[in-house]
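Source file target-v5.pdb; content: PDB, C-alpha atoms.
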```pdb
ATOM      1  CA  MET A1183       0.000   0.000   0.000
ATOM      2  CA  ALA A1184       1.438   3.381  -1.027
ATOM      3  CA  GLN A1185       2.344   5.782   1.723
ATOM      4  CA  SER A1186       0.375   9.042   1.840
ATOM      5  CA  THR A1187       2.172  12.071   0.473
ATOM      6  CA  ASP A1188      -0.195  14.552   2.095
ATOM      7  CA  PRO A1189       2.076  17.045   3.964
ATOM      8  CA  SER A1190      -0.497  17.400   6.700
ATOM      9  CA  THR A1191       0.050  13.789   7.728
ATOM     10  CA  ASP A1192       3.678  14.607   8.541
ATOM     11  CA  MET A1193       2.832  17.576  10.753
ATOM     12  CA  THR A1194       3.226  17.068  14.458
ATOM     13  CA  SER A1195       0.386  17.869  16.803
ATOM     14  CA  LEU A1196       2.380  20.835  18.128
ATOM     15  CA  GLU A1197       2.833  22.227  14.623
ATOM     16  CA  ARG A1198      -0.886  21.974  13.893
ATOM     17  CA  GLN A1199      -1.660  23.756  17.126
ATOM     18  CA  ARG A1200       0.881  26.460  16.294
ATOM     19  CA  ARG A1201      -0.644  27.109  12.876
ATOM     20  CA  LYS A1202      -4.146  27.162  14.329
ATOM     21  CA  ARG A1203      -2.997  29.635  16.968
ATOM     22  CA  VAL A1204      -1.382  31.964  14.422
ATOM     23  CA  SER A1205      -4.505  31.887  12.219
ATOM     24  CA  ALA A1206      -6.749  32.706  15.185
ATOM     25  CA  ILE A1207      -4.529  35.633  16.248
ATOM     26  CA  LYS A1208      -4.441  37.010  12.694
ATOM     27  CA  LEU A1209      -8.221  36.757  12.374
ATOM     28  CA  ALA A1210      -8.718  38.526  15.715
ATOM     29  CA  SER A1211      -6.357  41.277  14.544
ATOM     30  CA  VAL A1212      -8.241  41.768  11.260
ATOM     31  CA  VAL A1213     -11.548  41.927  13.144
ATOM     32  CA  GLY A1214     -10.026  44.524  15.496
ATOM     33  CA  ILE A1215      -8.723  46.665  12.626
ATOM     34  CA  ALA A1216     -12.067  46.650  10.800
ATOM     35  CA  ALA A1217     -14.249  47.262  13.867
ATOM     36  CA  ASN A1218     -12.068  49.994  15.392
ATOM     37  CA  GLY A1219     -11.669  51.681  12.017
ATOM     38  CA  ILE A1220     -15.442  51.880  11.548
ATOM     39  CA  LEU A1221     -16.030  53.073  15.128
ATOM     40  CA  GLY A1222     -13.220  55.631  14.887
ATOM     41  CA  VAL A1223     -14.520  57.225  11.694
ATOM     42  CA  LEU A1224     -18.085  57.165  13.044
ATOM     43  CA  LYS A1225     -17.177  58.886  16.340
ATOM     44  CA  ILE A1226     -14.922  61.532  14.814
ATOM     45  CA  SER A1227     -17.485  62.385  12.108
ATOM     46  CA  PHE A1228     -20.428  62.636  14.497
ATOM     47  CA  GLY A1229     -18.227  64.353  17.071
ATOM     48  CA  PHE A1230     -17.766  67.265  14.703
ATOM     49  CA  ILE A1231     -21.398  67.188  13.589
ATOM     50  CA  ALA A1232     -22.799  66.993  17.142
ATOM     51  CA  GLY A1233     -20.233  69.381  18.607
ATOM     52  CA  SER A1234     -18.861  66.887  21.163
ATOM     53  CA  PHE A1235     -15.149  67.191  21.959
ATOM     54  CA  ALA A1236     -15.310  64.070  24.128
ATOM     55  CA  LEU A1237     -16.690  62.001  21.248
ATOM     56  CA  ILE A1238     -13.923  63.241  18.921
ATOM     57  CA  SER A1239     -11.307  62.267  21.508
ATOM     58  CA  ASP A1240     -12.906  58.829  21.830
ATOM     59  CA  GLY A1241     -12.757  58.480  18.057
ATOM     60  CA  ILE A1242      -9.052  59.322  18.006
ATOM     61  CA  ASP A1243      -8.517  56.633  20.650
ATOM     62  CA  SER A1244     -10.291  54.104  18.405
ATOM     63  CA  ILE A1245      -7.997  55.024  15.520
ATOM     64  CA  THR A1246      -5.095  54.311  17.875
ATOM     65  CA  ASP A1247      -6.617  50.860  18.424
ATOM     66  CA  VAL A1248      -6.377  50.255  14.686
ATOM     67  CA  LEU A1249      -2.627  50.686  15.079
ATOM     68  CA  THR A1250      -2.443  48.235  17.984
ATOM     69  CA  SER A1251      -4.384  45.592  16.017
ATOM     70  CA  ALA A1252      -2.095  46.175  13.029
ATOM     71  CA  ILE A1253       0.934  45.561  15.279
ATOM     72  CA  THR A1254      -0.704  42.350  16.513
ATOM     73  CA  LEU A1255      -1.320  41.181  12.941
ATOM     74  CA  PHE A1256       2.231  41.988  11.848
ATOM     75  CA  THR A1257       3.789  40.319  14.889
ATOM     76  CA  ALA A1258       1.740  37.123  14.490
ATOM     77  CA  GLY A1259       3.565  36.503  11.227
ATOM     78  CA  ILE A1260       6.967  37.045  12.828
ATOM     79  CA  SER A1261       6.351  34.883  15.901
ATOM     80  CA  SER A1262       5.209  31.960  13.722
ATOM     81  CA  GLN A1263       8.546  31.731  11.884
ATOM     82  CA  PRO A1264      10.643  28.626  12.668
ATOM     83  CA  PRO A1265      13.989  28.808  14.516
ATOM     84  CA  ASP A1266      17.066  29.897  12.561
ATOM     85  CA  ILE A1267      20.773  30.447  13.151
ATOM     86  CA  LYS A1268      20.165  33.848  14.765
ATOM     87  CA  HIS A1269      17.103  32.761  16.754
ATOM     88  CA  PRO A1270      17.628  29.132  17.844
ATOM     89  CA  TYR A1271      14.690  29.355  20.256
ATOM     90  CA  GLY A1272      12.371  30.622  17.533
ATOM     91  CA  HIS A1273      10.694  34.025  17.185
ATOM     92  CA  GLY A1274       8.065  33.709  19.904
ATOM     93  CA  ARG A1275       9.419  36.613  21.941
ATOM     94  CA  ALA A1276       8.328  38.982  19.135
ATOM     95  CA  GLU A1277       4.825  38.737  20.587
ATOM     96  CA  THR A1278       6.074  39.731  24.028
ATOM     97  CA  ILE A1279       7.933  42.716  22.566
ATOM     98  CA  ALA A1280       4.796  43.743  20.660
ATOM     99  CA  THR A1281       2.796  43.512  23.888
ATOM    100  CA  LYS A1282       5.251  45.871  25.534
ATOM    101  CA  ILE A1283       4.857  48.289  22.597
ATOM    102  CA  LEU A1284       1.085  48.080  23.117
ATOM    103  CA  SER A1285       1.572  49.103  26.748
ATOM    104  CA  PHE A1286       3.348  52.264  25.567
ATOM    105  CA  ILE A1287       0.545  53.044  23.103
ATOM    106  CA  ILE A1288      -2.101  52.532  25.785
ATOM    107  CA  PHE A1289      -0.088  54.712  28.179
ATOM    108  CA  PHE A1290       0.221  57.429  25.528
ATOM    109  CA  ALA A1291      -3.530  57.372  24.822
ATOM    110  CA  GLY A1292      -4.312  57.721  28.539
ATOM    111  CA  SER A1293      -1.761  60.509  28.973
ATOM    112  CA  GLN A1294      -3.120  62.449  26.008
ATOM    113  CA  LEU A1295      -6.649  62.138  27.339
ATOM    114  CA  ILE A1296      -5.574  63.539  30.720
ATOM    115  CA  VAL A1297      -3.419  66.322  29.260
ATOM    116  CA  THR A1298      -6.075  67.459  26.797
ATOM    117  CA  SER A1299      -8.806  67.439  29.442
ATOM    118  CA  VAL A1300      -6.695  69.338  31.983
ATOM    119  CA  GLN A1301      -5.730  71.920  29.351
ATOM    120  CA  ARG A1302      -9.403  72.558  28.645
ATOM    121  CA  LEU A1303     -10.025  73.152  32.336
ATOM    122  CA  ILE A1304      -7.003  75.468  32.715
ATOM    123  CA  ARG A1305      -7.894  77.509  29.654
ATOM    124  CA  ALA A1306     -11.507  77.611  30.786
ATOM    125  CA  GLU A1307     -12.632  76.997  27.241
ATOM    126  CA  GLU A1308     -16.229  77.587  26.353
ATOM    127  CA  MET A1309     -17.869  74.187  26.170
ATOM    128  CA  PRO A1310     -20.995  74.180  24.009
ATOM    129  CA  LEU A1311     -23.771  71.685  24.626
ATOM    130  CA  PRO A1312     -23.561  68.736  22.192
ATOM    131  CA  SER A1313     -26.558  67.374  20.295
ATOM    132  CA  GLN A1314     -28.326  64.147  21.271
ATOM    133  CA  SER A1315     -26.903  62.286  18.255
ATOM    134  CA  ALA A1316     -23.592  62.081  20.152
ATOM    135  CA  LEU A1317     -25.330  59.940  22.789
ATOM    136  CA  TYR A1318     -26.384  57.316  20.240
ATOM    137  CA  VAL A1319     -22.921  57.089  18.717
ATOM    138  CA  ALA A1320     -21.346  56.715  22.194
ATOM    139  CA  LEU A1321     -23.820  53.919  22.949
ATOM    140  CA  ILE A1322     -22.917  52.125  19.713
ATOM    141  CA  SER A1323     -19.253  52.443  20.686
ATOM    142  CA  ILE A1324     -19.901  50.905  24.117
ATOM    143  CA  VAL A1325     -21.614  47.856  22.610
ATOM    144  CA  GLY A1326     -18.958  47.450  19.908
ATOM    145  CA  LYS A1327     -16.052  47.698  22.357
ATOM    146  CA  ILE A1328     -17.654  45.192  24.752
ATOM    147  CA  LEU A1329     -17.998  42.659  21.937
ATOM    148  CA  LEU A1330     -14.394  43.245  20.843
ATOM    149  CA  SER A1331     -13.068  42.929  24.391
ATOM    150  CA  VAL A1332     -14.898  39.656  25.063
ATOM    151  CA  TYR A1333     -13.884  38.223  21.679
ATOM    152  CA  LYS A1334     -10.184  39.088  21.994
ATOM    153  CA  LYS A1335      -9.980  37.964  25.620
ATOM    154  CA  ARG A1336     -11.549  34.616  24.737
ATOM    155  CA  ILE A1337      -9.174  34.019  21.823
ATOM    156  CA  GLY A1338      -6.203  35.288  23.863
ATOM    157  CA  LYS A1339      -6.887  32.898  26.761
ATOM    158  CA  ARG A1340      -7.636  29.962  24.468
ATOM    159  CA  TYR A1341      -4.325  30.320  22.650
ATOM    160  CA  ARG A1342      -2.351  31.857  25.552
ATOM    161  CA  SER A1343      -1.560  35.043  23.638
ATOM    162  CA  SER A1344      -0.338  37.801  25.965
ATOM    163  CA  MET A1345      -0.618  40.201  23.040
ATOM    164  CA  LEU A1346      -4.343  39.566  22.473
ATOM    165  CA  ILE A1347      -5.072  39.579  26.202
ATOM    166  CA  ALA A1348      -3.355  42.977  26.451
ATOM    167  CA  ASP A1349      -5.388  44.220  23.496
ATOM    168  CA  ALA A1350      -8.554  42.911  25.163
ATOM    169  CA  LYS A1351      -7.668  44.979  28.246
ATOM    170  CA  ASN A1352      -7.273  47.961  25.963
ATOM    171  CA  MET A1353     -10.759  47.298  24.544
ATOM    172  CA  ARG A1354     -12.093  47.084  28.105
ATOM    173  CA  ASN A1355     -10.571  50.466  28.809
ATOM    174  CA  ASP A1356     -12.241  51.784  25.668
ATOM    175  CA  VAL A1357     -15.591  50.618  27.034
ATOM    176  CA  LEU A1358     -14.966  52.814  30.076
ATOM    177  CA  ILE A1359     -13.921  55.704  27.862
ATOM    178  CA  SER A1360     -17.059  55.420  25.732
ATOM    179  CA  ALA A1361     -19.158  55.002  28.879
ATOM    180  CA  SER A1362     -17.635  58.151  30.352
ATOM    181  CA  VAL A1363     -18.346  59.988  27.109
ATOM    182  CA  PHE A1364     -21.947  58.772  27.164
ATOM    183  CA  THR A1365     -22.363  59.706  30.834
ATOM    184  CA  GLY A1366     -20.691  63.069  30.352
ATOM    185  CA  ILE A1367     -22.860  63.959  27.363
ATOM    186  CA  LEU A1368     -26.002  62.787  29.166
ATOM    187  CA  PHE A1369     -25.345  64.863  32.296
ATOM    188  CA  THR A1370     -24.203  67.772  30.169
ATOM    189  CA  LEU A1371     -27.562  67.779  28.387
ATOM    190  CA  ILE A1372     -29.571  67.248  31.585
ATOM    191  CA  LEU A1373     -27.716  69.619  33.919
ATOM    192  CA  GLU A1374     -26.216  71.865  31.243
ATOM    193  CA  ILE A1375     -22.776  71.583  32.941
ATOM    194  CA  PRO A1376     -20.247  70.630  30.218
ATOM    195  CA  ILE A1377     -17.360  70.329  32.719
ATOM    196  CA  ILE A1378     -18.710  67.001  34.017
ATOM    197  CA  ASP A1379     -17.589  64.933  31.039
ATOM    198  CA  THR A1380     -14.120  66.540  31.208
ATOM    199  CA  LEU A1381     -13.678  65.463  34.831
ATOM    200  CA  ILE A1382     -14.829  61.931  34.020
ATOM    201  CA  ALA A1383     -12.351  61.813  31.127
ATOM    202  CA  ILE A1384      -9.487  62.670  33.504
ATOM    203  CA  ALA A1385     -10.489  59.856  35.887
ATOM    204  CA  ILE A1386     -10.688  57.342  33.037
ATOM    205  CA  GLY A1387      -7.302  58.513  31.759
ATOM    206  CA  CYS A1388      -5.736  57.699  35.144
ATOM    207  CA  TYR A1389      -7.262  54.220  35.044
ATOM    208  CA  ILE A1390      -5.806  53.650  31.568
ATOM    209  CA  LEU A1391      -2.335  54.615  32.822
ATOM    210  CA  VAL A1392      -2.561  52.041  35.623
ATOM    211  CA  THR A1393      -3.584  49.345  33.117
ATOM    212  CA  ALA A1394      -0.677  50.233  30.806
ATOM    213  CA  LEU A1395       1.810  49.999  33.667
ATOM    214  CA  GLY A1396       0.417  46.577  34.608
ATOM    215  CA  ILE A1397       0.883  45.256  31.073
ATOM    216  CA  PHE A1398       4.405  46.714  30.964
ATOM    217  CA  SER A1399       5.290  44.942  34.209
ATOM    218  CA  GLU A1400       3.938  41.567  33.019
ATOM    219  CA  THR A1401       5.928  41.638  29.776
ATOM    220  CA  SER A1402       9.092  42.695  31.596
ATOM    221  CA  LEU A1403       8.837  39.539  33.717
ATOM    222  CA  GLU A1404       8.684  37.318  30.648
ATOM    223  CA  LEU A1405      11.507  39.125  28.832
ATOM    224  CA  MET A1406      13.708  38.555  31.893
ATOM    225  CA  ASP A1407      12.824  34.822  31.841
ATOM    226  CA  GLY A1408      10.623  35.131  34.906
ATOM    227  CA  ILE A1409       7.551  32.980  35.569
ATOM    228  CA  SER A1410       4.506  34.422  37.303
ATOM    229  CA  ASP A1411       2.958  30.992  37.956
ATOM    230  CA  LYS A1412       5.226  29.456  40.588
ATOM    231  CA  ASN A1413       3.092  26.294  40.588
ATOM    232  CA  LEU A1414       4.786  25.306  37.331
ATOM    233  CA  TYR A1415       8.011  24.609  39.209
ATOM    234  CA  GLN A1416       6.214  22.395  41.690
ATOM    235  CA  SER A1417       4.600  20.504  38.803
ATOM    236  CA  VAL A1418       8.041  19.889  37.304
ATOM    237  CA  PHE A1419       9.445  18.645  40.619
ATOM    238  CA  ASP A1420       6.426  16.410  41.230
ATOM    239  CA  ALA A1421       6.835  14.892  37.757
ATOM    240  CA  ALA A1422      10.553  14.233  38.328
ATOM    241  CA  ASN A1423       9.975  12.753  41.782
ATOM    242  CA  SER A1424       7.403  10.344  40.345
ATOM    243  CA  VAL A1425      10.252   8.502  38.581
ATOM    244  CA  ASP A1426      11.717   6.136  41.207
ATOM    245  CA  ALA A1427      15.315   6.145  39.954
ATOM    246  CA  ALA A1428      15.458   9.952  39.626
ATOM    247  CA  MET A1429      16.617  11.801  42.749
ATOM    248  CA  ASN A1430      17.182  15.364  43.912
ATOM    249  CA  PRO A1431      15.799  17.383  40.966
ATOM    250  CA  HIS A1432      17.524  20.774  41.067
ATOM    251  CA  LYS A1433      18.953  23.637  38.991
ATOM    252  CA  THR A1434      15.565  23.872  37.301
ATOM    253  CA  ARG A1435      14.856  26.733  34.915
ATOM    254  CA  ILE A1436      11.630  27.448  33.034
ATOM    255  CA  ARG A1437      11.536  29.892  30.134
ATOM    256  CA  LYS A1438       8.232  31.091  28.687
ATOM    257  CA  PHE A1439       7.828  31.850  24.996
ATOM    258  CA  ASN A1440       4.272  33.105  24.436
ATOM    259  CA  ASN A1441       2.183  30.016  25.212
ATOM    260  CA  ILE A1442       4.950  27.397  25.457
ATOM    261  CA  TYR A1443       7.689  26.534  27.951
ATOM    262  CA  ILE A1444      11.307  25.379  27.678
ATOM    263  CA  ILE A1445      12.549  23.519  30.760
ATOM    264  CA  ASP A1446      16.108  22.723  31.873
ATOM    265  CA  MET A1447      16.834  20.697  34.992
ATOM    266  CA  ASP A1448      19.367  18.399  36.680
ATOM    267  CA  ILE A1449      18.634  15.090  38.376
ATOM    268  CA  GLU A1450      20.804  12.646  40.287
ATOM    269  CA  VAL A1451      20.956   8.892  39.646
ATOM    270  CA  ASP A1452      22.932   5.962  41.003
ATOM    271  CA  GLY A1453      26.491   6.522  39.768
ATOM    272  CA  ARG A1454      26.950   2.787  39.113
ATOM    273  CA  LEU A1455      24.351   2.790  36.326
ATOM    274  CA  THR A1456      25.392   2.694  32.689
ATOM    275  CA  VAL A1457      25.071   5.737  30.431
ATOM    276  CA  GLU A1458      22.171   4.063  28.655
ATOM    277  CA  GLN A1459      20.341   3.427  31.927
ATOM    278  CA  GLY A1460      20.847   7.031  33.031
ATOM    279  CA  HIS A1461      19.587   8.208  29.661
ATOM    280  CA  ASP A1462      16.426   6.101  30.002
ATOM    281  CA  ILE A1463      15.744   7.614  33.427
ATOM    282  CA  ALA A1464      16.120  11.119  31.977
ATOM    283  CA  LYS A1465      13.716  10.192  29.154
ATOM    284  CA  ASN A1466      11.162   8.986  31.698
ATOM    285  CA  VAL A1467      11.460  12.264  33.619
ATOM    286  CA  GLU A1468      10.986  14.231  30.388
ATOM    287  CA  GLN A1469       7.886  12.215  29.500
ATOM    288  CA  ARG A1470       6.357  12.726  32.955
ATOM    289  CA  ILE A1471       6.947  16.479  32.656
ATOM    290  CA  ARG A1472       5.342  16.615  29.205
ATOM    291  CA  THR A1473       2.334  14.710  30.518
ATOM    292  CA  SER A1474       2.030  17.034  33.512
ATOM    293  CA  ILE A1475       2.503  20.258  31.517
ATOM    294  CA  PRO A1476       1.047  19.928  27.969
ATOM    295  CA  GLU A1477       2.371  23.350  26.900
ATOM    296  CA  VAL A1478       6.009  22.204  27.162
ATOM    297  CA  TYR A1479       7.955  22.669  23.921
ATOM    298  CA  ASP A1480      11.317  21.246  24.992
ATOM    299  CA  VAL A1481      12.839  19.583  28.077
ATOM    300  CA  GLN A1482      16.538  19.166  28.783
ATOM    301  CA  VAL A1483      17.409  16.806  31.664
ATOM    302  CA  HIS A1484      21.044  16.662  32.800
ATOM    303  CA  VAL A1485      22.057  13.514  34.683
ATOM    304  CA  GLU A1486      24.528  13.599  37.606
ATOM    305  CA  PRO A1487      25.717  10.908  40.047
ATOM    306  CA  VAL A1488      24.169  10.968  43.520
ATOM    307  CA  GLY A1489      25.951  13.371  45.857
ATOM    308  CA  ASN A1490      27.528  15.431  43.090
ATOM    309  CA  ILE A1491      28.355  18.947  44.343
ATOM    310  CA  GLU A1492      29.414  21.844  42.133
ATOM    311  CA  ASP A1493      29.636  24.979  44.258
ATOM    312  CA  HIS A1494      30.120  27.349  41.342
ATOM    313  CA  GLU A1495      26.691  26.472  39.887
ATOM    314  CA  SER A1496      24.371  28.756  41.797
ATOM    315  CA  PHE A1497      21.693  29.235  39.133
ATOM    316  CA  GLY A1498      18.310  27.522  38.799
ATOM    317  CA  ILE A1499      15.555  26.626  41.268
ATOM    318  CA  SER A1500      15.518  23.750  43.745
ATOM    319  CA  GLU A1501      12.461  22.226  45.385
ATOM    320  CA  ASP A1502      13.545  23.513  48.810
ATOM    321  CA  LEU A1503      13.643  27.067  47.501
ATOM    322  CA  ILE A1504      10.029  27.195  46.339
ATOM    323  CA  LYS A1505       8.843  25.689  49.607
TER
END
```
Do you think you could lay out the structure here as structure tokens?
Amino acid sequence: MAQSTDPSTDMTSLERQRRKRVSAIKLASVVGIAANGILGVLKISFGFIAGSFALISDGIDSITDVLTSAITLFTAGISSQPPDIKHPYGHGRAETIATKILSFIIFFAGSQLIVTSVQRLIRAEEMPLPSQSALYVALISIVGKILLSVYKKRIGKRYRSSMLIADAKNMRNDVLISASVFTGILFTLILEIPIIDTLIAIAIGCYILVTALGIFSETSLELMDGISDKNLYQSVFDAANSVDAAMNPHKTRIRKFNNIYIIDMDIEVDGRLTVEQGHDIAKNVEQRIRTSIPEVYDVQVHVEPVGNIEDHESFGISEDLIK
């Protein structure tokens, strides 16, 4: 019987998952570009027509979101490239770098909102009452941003994309911005006090800055090879300890690349065993780790004889340290 030549039959499960992940991220980015582009043009146009400065500012923020989705789309193509001589670990960190860039964009949008609003208060500009059409556009924006936030958060969590999760947080912030615009316009029309929406805009701007700083901090941890989920180390140690012949797992290091992990660790075995026997023990440890943590991309297990001490090797995590 002839062997199938279909390339898909030769793809590993991990490769299929990777391609599916990249496609999902690209689709989410395209949806974000289209939706934010439409909302941005709609809010800016009706902002001028209705005479609402807050709505125009919200529209400019939506145009900024088009840029963030474009960065996400561009980066998805880079992060999916296979390893090469310059990037032996692959290009997955491109997504983390893009997420950090998004944090700067979000921070800039929040800063501009605060600065512009404060300047209006200082200059004591005359603030005309907007028309009711601005309310309807702000309401449309709220609904649209909620749908975008839920969609991107769901895809981001499903495929463990820090970039999409960060963008979903940005969409959530935009919901608050549009809600503040709606509330400000509503109270402006009811109470005829235009300054209300300006004060709300300043408060929302401060919230956006806090969110941007949080995203910046999270990406810094990953770029410095840190792991926020300390339970991963315990899972690795538990997997190693489940192999009877493997002893004293130590010098363990976990590196995160987007949604996958690379693990290095040392174990001790009976020094009287053959090289082949020690290798089999290491293979068993690797298999237990892969079973325990499905997102593992690669595991390197170094075998040492029992009681081996190397004082100069002070790196890595031991089980005693996490306890």
Spatial neighbours of Gly1241 of chain A, max dist 7 Å, only C-alpha atoms, sep filter under 6 positions, as a compact mmCIF listing (two decimals) with C-alpha atoms, in the coordinates of the input:
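Output below, filename out05.txt:
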```
# COMPACT_ATOMS: atom_id res chain seq x y z
CA LEU A 1221 -16.03 53.07 15.13
CA GLY A 1222 -13.22 55.63 14.89
CA VAL A 1223 -14.52 57.22 11.69
CA LYS A 1225 -17.18 58.89 16.34
CA ILE A 1226 -14.92 61.53 14.81
```
Residue neighbourhood Ala1421 of chain A, 6 Å, all atoms listed in the file, exclusion window fewer than 3 positions, as number ranges by chain
A: 1418, 1424, 1470-1471
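Restricting the calculation to all atoms listed in the file, the smallest distance between Ile1463 of chain A and any of A:Ala1280, A:Ala1428, A:Met1345, A:Ile1322 is found for A:Ala1428.
For the structure shown here, the set of residues caught by the PyMOL selection byres ((chain A and resi 1206) around 12) is Gln1199, Arg1200, Arg1201, Lys1202, Arg1203, Val1204, Ser1205, Ile1207, Lys1208, Leu1209, Ala1210, Ser1211, Val1212, Val1213, Thr1254, Leu1255, Ala1258, Gly1259, Tyr1333, Lys1334, Arg1336, Ile1337, Gly1338, Lys1339, Arg1340, Tyr1341, Arg1342, Ser1343 and Leu1346 of chain A.
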Ile1279 of chain A: which residues within 10 Å, counting only C-alpha atoms, same-chain residues fewer than 3 positions away excluded, as a CSV table (one decimal) with C-alpha atoms, keeping the file's coordinate frame?
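And here's out31.csv as it stands now:
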```csv
chain,number,residue,atom,x,y,z
A,1257,THR,CA,3.8,40.3,14.9
A,1274,GLY,CA,8.1,33.7,19.9
A,1275,ARG,CA,9.4,36.6,21.9
A,1276,ALA,CA,8.3,39.0,19.1
A,1282,LYS,CA,5.3,45.9,25.5
A,1283,ILE,CA,4.9,48.3,22.6
A,1284,LEU,CA,1.1,48.1,23.1
A,1285,SER,CA,1.6,49.1,26.7
A,1345,MET,CA,-0.6,40.2,23.0
A,1398,PHE,CA,4.4,46.7,31.0
A,1401,THR,CA,5.9,41.6,29.8
A,1402,SER,CA,9.1,42.7,31.6
A,1404,GLU,CA,8.7,37.3,30.6
A,1405,LEU,CA,11.5,39.1,28.8
```
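Coordinates place atom CA of Leu1237 of chain A at a distance of 11.4 Å from atom CA of Thr1365 of chain A.
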Select, from A:Ala1217, A:Ala1422, A:Ala1236, A:Ala1361, the residue with the minimum atom-to-atom distance to Ser1299 of chain A, counting only C-alpha atoms.
A:Ala1236
Written as a ChimeraX atom specification, what is the full residue list that the PyMOL selection byres ((chain A and resi 1445) around 6) yields on the file shown?
/A:1435-1436,1444,1446,1481
Residues matched by the PyMOL selection byres ((chain A and resi 1355) around 12), written as a ChimeraX atom specification
/A:1240,1243-1244,1247,1288-1289,1291-1292,1324,1327-1328,1330-1331,1348-1354,1356-1362,1383,1385-1394
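Ranking A:Ser1323, A:Phe1439, A:Gly1460, A:Leu1455 by their shortest atom-to-atom distance to Gly1272 of chain A, with all atoms listed in the file included, puts A:Phe1439 first.
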